[in-house]
There are 2 protein chains.
Amino acid sequence: MNIYDIAERAGVSIATVSRVLNGSPNVSTKTKAKVLGVIEEAGYTPNVFARGLGLNTMKMIGVLCTDVADIFYAKAVSVIENALRQYGYDSLLCSTGKNIEDKQKYIDLLLAKRVDALILIGSIFKEETDNSHIEKAAAKVPTVIINGLIDVPNTYCVTCDEYQAMYDQVIHLNKKGCHDILYLYDVESYSGLQKLNGFKDALKHCGFGVNPKLIAKVDKDMSQIEATVIELLDADIHFSAIIASEDQLAIGAMHALQKKGLRIPEDIPVIGFNNSLLCECAMPKLSSVDNMVETLCNTAVNVLTDVFDGKTVTNKMTLSAKLVERDTFKL
Amino acid sequence: MNIYDIAERAGVSIATVSRVLNGSPNVSTKTKAKVLGVIEEAGYTPNVFARGLGLNTMKMIGVLCTDVADIFYAKAVSVIENALRQYGYDSLLCSTGKNIEDKQKYIDLLLAKRVDALILIGSIFKEETDNSHIEKAAAKVPTVIINGLIDVPNTYCVTCDEYQAMYDQVIHLNKKGCHDILYLYDVESYSGLQKLNGFKDALKHCGFGVNPKLIAKVDKDMSQIEATVIELLDADIHFSAIIASEDQLAIGAMHALQKKGLRIPEDIPVIGFNNSLLCECAMPKLSSVDNMVETLCNTAVNVLTDVFDGKTVTNKMTLSAKLVERDTFKL
DNA sequence: TTGAAAGCGCTACCAT
DNA sequence: ATGGTAGCGCTTTCAA
């Protein structure tokens with residue numbers, strides 16, 4: 001069933017059918033109704049490939065992250081996919097893993113599928129050289145980066161000010177008398193580095209040195225996190241609070257504290273990051289910095305549609321985060 | 001840059017370029033090298049729309065679930081997307097929400113995009129009439145359903161035997177002397193119903209009646225779950241164990257127990273379901289039934305590729321689940 | 001308001 | 001082994 005069949009049945013030309021299909025005003029109400037009737041009756045759906053061939057778009061956006069199984073990315077993907085759909089775009093999903101070559105490969109794959117744009121969620125890039133895959137992508141289609149900052153044409157960055165957020169939490173803890181803060185993190189993504197720097201700078205600002213022993217890089221693995229913290233405790237390395245760059249790390253740390261009979265927050269307050277479902281699952285419930293995934297992602301999609309609409313758009317937008325107080329730390 | 005440009009630059013016909021592109025054996029090594037060189041140099045990528053138009057496929061699979069933000073679906077989507085990519089297929093993601101009309105709408109949307117197949121993860125359908133959207137879909141493309149069972153042509157169901165798994169847990173608890181078991185669940189999906197029935201049947205098998213007060217339907221909301229369990233406790237409705245159809249519900253219940261000063265598992269053992277990340281986050285760590293998402297999803301993709309390859313495939317496959325023992329319950 | 005026809009860039013069949 | 005060419009089903013311009 002194609003446009004020719006419809007045209008024939010409706011007794012008009014394919015041009016007219018096409019006009020009806022695309023809502024052109026230059027069709028008489030009568031023919032329009034007639035054509036619509038035939039379409040309905042035949043259960044006809046235009047062939048998107050043919051349309052794509054002519055228009056050079058299939059209204060699809062490539063959405064990339066390291067792994068959708070991750071609770072944070074999952075939420076982001078969910079919001080993005082929904083927002084895009086409102087604008088009539090579908091999401092071509094791609095979990096790239098952390099390997100940079102794979103990322104490049106998958107970006108190429110999506111570009112080969114002729115997506116209209118790319119949305120990268122939390123792309124990892126420590127060094128400038130790592131960003132070539134983004135430059136290549138942006139050379140072909142508008143590319144928006146969520147929680148990443150890069151200065152490349154045709155690239156739009158929507159970030160959360162995690163540096164400031166982390167900075168603020170250290171200040172808060174300091175005011176409560178916590179000077180020795182254990183910092184837990186896992187990845188050195190843009191976002192990861194922002195947080196780490198926020199932590200360090202705040203300490204300096206408070207006049208305290210940065211104790212490297214109190215900055216622990218861990219894998220996102222519960223038992224490993226627990227082990228790491230217990231090791232520190234056993235080694236009598238003193239700290240009076242914990243901040244983690246991710247809720248999961250914070251919870252791992254909480255387990256360690258609890259095993260050692262330390263009370264949270266009385267003995268050691270704990271602050272997580274991302275304000276994920278895990279916060280509510282922890283016991284006591286985890287206070288966490290909300291980095292605004294939802295707003296971030298909706299903004300990203302808005303930016304993109306603005307770009308499509310030819311509007312002038314800022315290349316960089318930053319939202320501020322805020323602490324959600326629960327039981328492990330209160331202001 | 002199209003196939004004509006390449007042909008011209010390489011001094012061959014477009015037919016030859018096409019052959020090279022599609023790995024036809026009927027090309028001399030020499031011309032092949034020449035063409036490949038030109039392609040490489042020009043950075044040419046075939047237009048998938050044109051190809052799709054001729055072949056009537058763009059190697060895309062529609063992947064649907066109620067919401068990717070859900071930790072279980074996120075994992076499933078992740079596995080599926082990866083598996084599909086191995087076979088050269090991309091995933092067109094769609095979070096449908098629970099509304100049946102929306103599902104139908106989104107399925108139509110994906111079908112309009114001419115996806116090669118549909119994978120539905122945990123589609124909800126209580127009554128037979130609710131399945132029309134699946135029938136319609138299967139009439140057009142092969143449809144595989146993960147954790148759902150339906151008898152429709154061109155439909156392939158891959159399920160986990162959650163009925164049996166739930167049944168078994170009740171038996172286990174009974175052997176430990178727990179006869180009054182509180183059952184917590186949230187949705188009445190196929191999967192949800194399987195579990196509920198497994199629970200009820202096991203109780204009957206043990207010679208105990210099903211106490212409706214000990215079967216609580218709750219929202220997936222921590223405070224609501226806590227409140228529900230605390231209410232039961234306060235009303236002196238006795239139970240000596242808890243089983244939940246989802247880890248999150250189990251954790252909510254644990255919070256309630258802990259608030260009431262009950263020890264887990266000494267006073268009340270707790271068993272969750274899905275063996276998600278949440279299990280490790282709980283304190284004590286949650287024993288949970290692993291419903292094999294990974295295997296389930298990989299199997300689903302295998303089934304699909306077998307269908308594509310014209311192999312004869314079973315319409316129904318069932319995997320068995322197994323309890324992962326942690327701290328809240330041990331055999 | 002409507003129709004005719006020229007692409008869009010590929011694949012595959014038929015020749016050679 | 002290679003080339004010519006007819007579709008694939010649509011959009012869009014140009015004429016009427």
# chains A, B, ... in the order shown; residues from 1 in each chain; ligands from 1

$ interface_residues --of "chain A" --to "chain D" --cutoff "9 Å" --atoms "only C-alpha atoms (C1' of nucleotides)" --output "short mmCIF file (atom, residue, chain, number, x, y, z; two decimals) with all heavy atoms, in the first residue's frame"
data_model
loop_
_atom_site.label_atom_id
_atom_site.label_comp_id
_atom_site.auth_asym_id
_atom_site.auth_seq_id
_atom_site.Cartn_x
_atom_site.Cartn_y
_atom_site.Cartn_z
N ASN A 2 0.82 2.01 -1.10
CA ASN A 2 1.62 3.23 -1.16
C ASN A 2 0.78 4.43 -1.62
O ASN A 2 -0.42 4.33 -1.81
CB ASN A 2 2.83 3.03 -2.07
CG ASN A 2 2.40 2.65 -3.48
OD1 ASN A 2 1.34 3.06 -3.93
ND2 ASN A 2 3.21 1.86 -4.14
N ILE A 3 1.46 5.50 -1.79
CA ILE A 3 0.77 6.75 -2.10
C ILE A 3 0.03 6.67 -3.45
O ILE A 3 -0.97 7.35 -3.65
CB ILE A 3 1.78 7.93 -2.08
CG1 ILE A 3 1.05 9.25 -1.88
CG2 ILE A 3 2.64 7.94 -3.33
CD1 ILE A 3 1.98 10.41 -1.64
N TYR A 4 0.54 5.81 -4.33
CA TYR A 4 -0.11 5.65 -5.63
C TYR A 4 -1.47 4.97 -5.46
O TYR A 4 -2.45 5.36 -6.09
CB TYR A 4 0.77 4.83 -6.57
CG TYR A 4 2.01 5.58 -7.01
CD1 TYR A 4 3.20 5.48 -6.30
CD2 TYR A 4 1.97 6.42 -8.12
CE1 TYR A 4 4.33 6.19 -6.68
CE2 TYR A 4 3.10 7.13 -8.53
CZ TYR A 4 4.27 7.02 -7.80
OH TYR A 4 5.38 7.73 -8.18
N ALA A 15 0.41 13.80 -5.88
CA ALA A 15 0.78 15.11 -5.34
C ALA A 15 -0.26 15.57 -4.33
O ALA A 15 0.08 16.08 -3.26
CB ALA A 15 0.92 16.11 -6.47
N SER A 18 -0.02 13.61 -1.17
CA SER A 18 1.13 14.11 -0.43
C SER A 18 0.78 15.40 0.30
O SER A 18 1.14 15.59 1.46
CB SER A 18 2.31 14.35 -1.38
OG SER A 18 3.41 14.85 -0.66
N PRO A 46 2.47 6.28 5.57
CA PRO A 46 3.52 6.67 4.61
C PRO A 46 4.83 5.94 4.91
O PRO A 46 5.13 5.66 6.07
CB PRO A 46 3.69 8.18 4.87
CG PRO A 46 2.46 8.61 5.56
CD PRO A 46 1.93 7.43 6.30
N ASN A 47 5.56 5.66 3.89
CA ASN A 47 6.84 5.01 4.06
C ASN A 47 7.91 6.02 4.49
O ASN A 47 8.29 6.89 3.73
CB ASN A 47 7.25 4.34 2.75
CG ASN A 47 8.52 3.55 2.90
OD1 ASN A 47 9.49 4.04 3.45
ND2 ASN A 47 8.51 2.33 2.42
N VAL A 48 8.35 5.85 5.72
CA VAL A 48 9.31 6.82 6.26
C VAL A 48 10.66 6.81 5.55
O VAL A 48 11.39 7.79 5.57
CB VAL A 48 9.57 6.61 7.76
CG1 VAL A 48 8.43 7.16 8.57
CG2 VAL A 48 9.85 5.17 8.07
N PHE A 49 10.98 5.68 4.95
CA PHE A 49 12.28 5.61 4.26
C PHE A 49 12.24 6.51 3.03
O PHE A 49 13.18 7.26 2.77
CB PHE A 49 12.60 4.18 3.85
CG PHE A 49 12.64 3.22 4.99
CD1 PHE A 49 12.24 1.89 4.82
CD2 PHE A 49 13.07 3.62 6.24
CE1 PHE A 49 12.28 1.00 5.88
CE2 PHE A 49 13.11 2.74 7.31
CZ PHE A 49 12.70 1.42 7.12
N ALA A 50 11.16 6.40 2.29
CA ALA A 50 11.02 7.23 1.10
C ALA A 50 11.00 8.70 1.49
O ALA A 50 11.67 9.54 0.89
CB ALA A 50 9.75 6.87 0.36
N ARG A 51 10.25 8.97 2.52
CA ARG A 51 10.16 10.34 3.00
C ARG A 51 11.54 10.82 3.47
O ARG A 51 11.97 11.93 3.16
CB ARG A 51 9.16 10.41 4.15
CG ARG A 51 9.05 11.76 4.79
CD ARG A 51 7.98 11.78 5.85
NE ARG A 51 6.71 12.27 5.33
CZ ARG A 51 5.56 12.13 5.95
NH1 ARG A 51 5.51 11.48 7.09
NH2 ARG A 51 4.47 12.63 5.44
N GLY A 52 12.20 9.94 4.19
CA GLY A 52 13.53 10.27 4.69
C GLY A 52 14.48 10.55 3.55
O GLY A 52 15.29 11.48 3.60
N LEU A 53 14.36 9.77 2.51
CA LEU A 53 15.24 9.94 1.35
C LEU A 53 15.08 11.34 0.75
O LEU A 53 16.06 12.00 0.44
CB LEU A 53 14.91 8.87 0.30
CG LEU A 53 15.76 8.86 -0.96
CD1 LEU A 53 17.24 8.77 -0.62
CD2 LEU A 53 15.37 7.68 -1.85
N GLY A 54 13.85 11.75 0.61
CA GLY A 54 13.60 13.07 0.06
C GLY A 54 13.98 14.19 1.01
O GLY A 54 14.66 15.15 0.64
N LEU A 55 13.56 14.04 2.26
CA LEU A 55 13.74 15.11 3.25
C LEU A 55 15.10 15.05 3.95
O LEU A 55 15.52 16.00 4.59
CB LEU A 55 12.63 15.01 4.30
CG LEU A 55 11.40 15.88 4.12
CD1 LEU A 55 11.10 16.07 2.64
CD2 LEU A 55 10.20 15.26 4.82
#

$ select_by_dssp --residues "region 161-315 of chain A" --states "strand (DSSP E or B)" --output "ChimeraX atom specification"
/A:181-185,215-217,241-244,270-273,287-290

$ write_last_selection --atoms "all heavy atoms" --output "compact mmCIF listing (two decimals), in the first residue's frame"
# COMPACT_ATOMS: atom_id res chain seq x y z
N ILE A 181 37.21 15.88 56.12
CA ILE A 181 36.13 15.25 55.36
C ILE A 181 36.68 14.20 54.40
O ILE A 181 37.62 14.47 53.64
CB ILE A 181 35.34 16.30 54.55
CG1 ILE A 181 34.87 17.42 55.50
CG2 ILE A 181 34.17 15.67 53.83
CD1 ILE A 181 34.25 18.59 54.78
N LEU A 182 36.10 13.04 54.48
CA LEU A 182 36.50 11.99 53.55
C LEU A 182 35.72 12.17 52.25
O LEU A 182 34.50 12.27 52.26
CB LEU A 182 36.20 10.61 54.15
CG LEU A 182 36.35 9.42 53.20
CD1 LEU A 182 37.78 9.29 52.69
CD2 LEU A 182 35.92 8.12 53.90
N TYR A 183 36.46 12.21 51.14
CA TYR A 183 35.80 12.38 49.84
C TYR A 183 35.92 11.11 49.02
O TYR A 183 37.01 10.59 48.79
CB TYR A 183 36.43 13.55 49.08
CG TYR A 183 35.70 13.86 47.79
CD1 TYR A 183 34.49 14.55 47.81
CD2 TYR A 183 36.20 13.44 46.56
CE1 TYR A 183 33.81 14.83 46.64
CE2 TYR A 183 35.53 13.71 45.38
CZ TYR A 183 34.33 14.40 45.43
OH TYR A 183 33.65 14.67 44.27
N LEU A 184 34.79 10.61 48.60
CA LEU A 184 34.74 9.37 47.81
C LEU A 184 34.27 9.67 46.39
O LEU A 184 33.25 10.33 46.19
CB LEU A 184 33.72 8.42 48.45
CG LEU A 184 34.15 7.25 49.30
CD1 LEU A 184 35.48 7.47 49.98
CD2 LEU A 184 33.07 6.95 50.34
N TYR A 185 34.99 9.16 45.41
CA TYR A 185 34.54 9.35 44.03
C TYR A 185 34.92 8.15 43.19
O TYR A 185 35.73 7.33 43.60
CB TYR A 185 35.11 10.64 43.44
CG TYR A 185 36.57 10.58 43.09
CD1 TYR A 185 36.98 10.53 41.76
CD2 TYR A 185 37.53 10.58 44.09
CE1 TYR A 185 38.33 10.50 41.43
CE2 TYR A 185 38.88 10.54 43.77
CZ TYR A 185 39.29 10.50 42.44
OH TYR A 185 40.61 10.44 42.14
N ILE A 215 41.01 11.48 50.26
CA ILE A 215 40.37 11.50 48.95
C ILE A 215 40.54 10.11 48.36
O ILE A 215 41.65 9.72 48.01
CB ILE A 215 40.99 12.55 48.02
CG1 ILE A 215 40.76 13.95 48.62
CG2 ILE A 215 40.37 12.46 46.63
CD1 ILE A 215 41.21 15.08 47.74
N ALA A 216 39.46 9.37 48.31
CA ALA A 216 39.58 7.98 47.86
C ALA A 216 38.84 7.74 46.57
O ALA A 216 37.65 8.03 46.45
CB ALA A 216 39.06 7.05 48.95
N LYS A 217 39.57 7.21 45.59
CA LYS A 217 38.91 6.81 44.35
C LYS A 217 38.54 5.34 44.47
O LYS A 217 39.37 4.50 44.79
CB LYS A 217 39.84 7.01 43.16
CG LYS A 217 39.22 6.52 41.88
CD LYS A 217 39.95 6.97 40.63
CE LYS A 217 39.19 6.42 39.43
NZ LYS A 217 39.70 6.92 38.16
N ALA A 241 33.41 13.51 58.65
CA ALA A 241 32.25 13.57 57.74
C ALA A 241 32.64 12.89 56.43
O ALA A 241 33.82 12.69 56.15
CB ALA A 241 31.86 15.02 57.47
N ILE A 242 31.63 12.53 55.67
CA ILE A 242 31.89 11.91 54.37
C ILE A 242 31.05 12.60 53.30
O ILE A 242 29.86 12.84 53.50
CB ILE A 242 31.55 10.41 54.37
CG1 ILE A 242 32.42 9.65 55.39
CG2 ILE A 242 31.73 9.81 52.98
CD1 ILE A 242 32.16 8.15 55.43
N ILE A 243 31.69 12.91 52.19
CA ILE A 243 30.95 13.36 51.01
C ILE A 243 31.30 12.42 49.88
O ILE A 243 32.46 12.05 49.71
CB ILE A 243 31.32 14.79 50.58
CG1 ILE A 243 31.06 15.79 51.69
CG2 ILE A 243 30.50 15.19 49.35
CD1 ILE A 243 31.23 17.23 51.25
N ALA A 244 30.30 12.02 49.12
CA ALA A 244 30.57 11.13 47.99
C ALA A 244 30.07 11.79 46.71
O ALA A 244 29.12 12.56 46.72
CB ALA A 244 29.90 9.79 48.20
N VAL A 270 26.87 12.16 56.55
CA VAL A 270 27.21 11.70 55.20
C VAL A 270 26.36 12.46 54.18
O VAL A 270 25.17 12.67 54.37
CB VAL A 270 26.93 10.19 55.05
CG1 VAL A 270 27.26 9.72 53.63
CG2 VAL A 270 27.74 9.38 56.07
N ILE A 271 27.01 12.87 53.10
CA ILE A 271 26.28 13.55 52.02
C ILE A 271 26.54 12.83 50.70
O ILE A 271 27.69 12.57 50.35
CB ILE A 271 26.70 15.02 51.90
CG1 ILE A 271 26.45 15.78 53.21
CG2 ILE A 271 25.95 15.70 50.74
CD1 ILE A 271 26.88 17.23 53.18
N GLY A 272 25.48 12.51 50.02
CA GLY A 272 25.60 11.85 48.72
C GLY A 272 25.40 12.83 47.59
O GLY A 272 25.29 14.05 47.80
N PHE A 273 25.35 12.31 46.40
CA PHE A 273 25.21 13.17 45.23
C PHE A 273 24.39 12.47 44.16
O PHE A 273 24.64 11.30 43.87
CB PHE A 273 26.60 13.50 44.68
CG PHE A 273 26.71 14.90 44.14
CD1 PHE A 273 27.29 15.91 44.89
CD2 PHE A 273 26.21 15.22 42.89
CE1 PHE A 273 27.40 17.20 44.40
CE2 PHE A 273 26.30 16.50 42.39
CZ PHE A 273 26.90 17.50 43.14
N SER A 287 21.01 12.20 52.80
CA SER A 287 20.95 13.58 52.30
C SER A 287 21.83 13.64 51.07
O SER A 287 22.92 13.09 51.05
CB SER A 287 21.48 14.55 53.35
OG SER A 287 20.69 14.49 54.52
N SER A 288 21.33 14.30 50.04
CA SER A 288 22.06 14.22 48.77
C SER A 288 21.85 15.49 47.95
O SER A 288 20.84 16.16 48.06
CB SER A 288 21.55 13.00 48.01
OG SER A 288 22.19 12.86 46.77
N VAL A 289 22.82 15.79 47.15
CA VAL A 289 22.72 16.97 46.28
C VAL A 289 21.94 16.58 45.02
O VAL A 289 22.30 15.64 44.34
CB VAL A 289 24.11 17.49 45.90
CG1 VAL A 289 23.97 18.65 44.92
CG2 VAL A 289 24.88 17.92 47.14
N ASP A 290 20.92 17.31 44.78
CA ASP A 290 20.11 17.05 43.58
C ASP A 290 20.73 17.80 42.41
O ASP A 290 20.77 19.02 42.40
CB ASP A 290 18.67 17.54 43.82
CG ASP A 290 17.76 17.17 42.66
OD1 ASP A 290 18.27 16.73 41.61
OD2 ASP A 290 16.54 17.30 42.82

$ atom_distance --atom1 "CA of Arg263 (chain B)" --atom2 "CA of Ala321 (chain B)"
27.3 Å

$ residues_around --residues "Asp247 (chain B)" --least-positions-apart "6" --cutoff "12 Å" --atoms "only C-alpha atoms (C1' of nucleotides)" --output "PyMOL selection string"
(chain A and resi 278+281) or (chain B and resi 70-72+184-186+220+222+225+253-254+270-282+285-291+328)

$ residues_around --residues "Lys175 (chain B)" --least-positions-apart "3" --cutoff "12 Å" --atoms "only C-alpha atoms (C1' of nucleotides)" --output "PyMOL selection string"
chain B and resi 168-172+178-179+203+206+330-331

$ select_by_dssp --residues "region 5-249 of chain B" --states "alpha helix (DSSP H)" --output "PyMOL selection string"
chain B and resi 5-10+14-21+29-42+48-55+71-86+100-112+132-140+162-175+190-205+222-234+247-249

$ atom_distance --atom1 "CA of Leu110 (chain B)" --atom2 "CA of Tyr44 (chain B)"
28.5 Å

$ residues_around --residues "Asp234 (chain B)" --least-positions-apart "5" --cutoff "10 Å" --atoms "only C-alpha atoms (C1' of nucleotides)" --output "JSON, numbers by chain"
{"B": [228, 229, 260]}

$ interface_residues --of "chain C" --to "chain A" --cutoff "8 Å" --atoms "only C-alpha atoms (C1' of nucleotides)" --output "number ranges by chain"
C: 1-3, 8-9

$ residues_around --residues "region 190-200 of chain A" --least-positions-apart "2" --cutoff "7 Å" --atoms "only C-alpha atoms (C1' of nucleotides)" --output "PyMOL selection string"
chain A and resi 124-126+147-148+162-164+166-167+170+187-188+202-204+210+245

$ residues_around --residues "Ile268 (chain B)" --least-positions-apart "3" --cutoff "6 Å" --atoms "only C-alpha atoms (C1' of nucleotides)" --output "VMD selection string"
chain B and resid 240 to 241 264 to 265

$ closest_residue --among "B:Gly261, B:Pro153, B:Gly97, B:Gly209" --to "chain A" --atoms "only C-alpha atoms"
B:Gly97
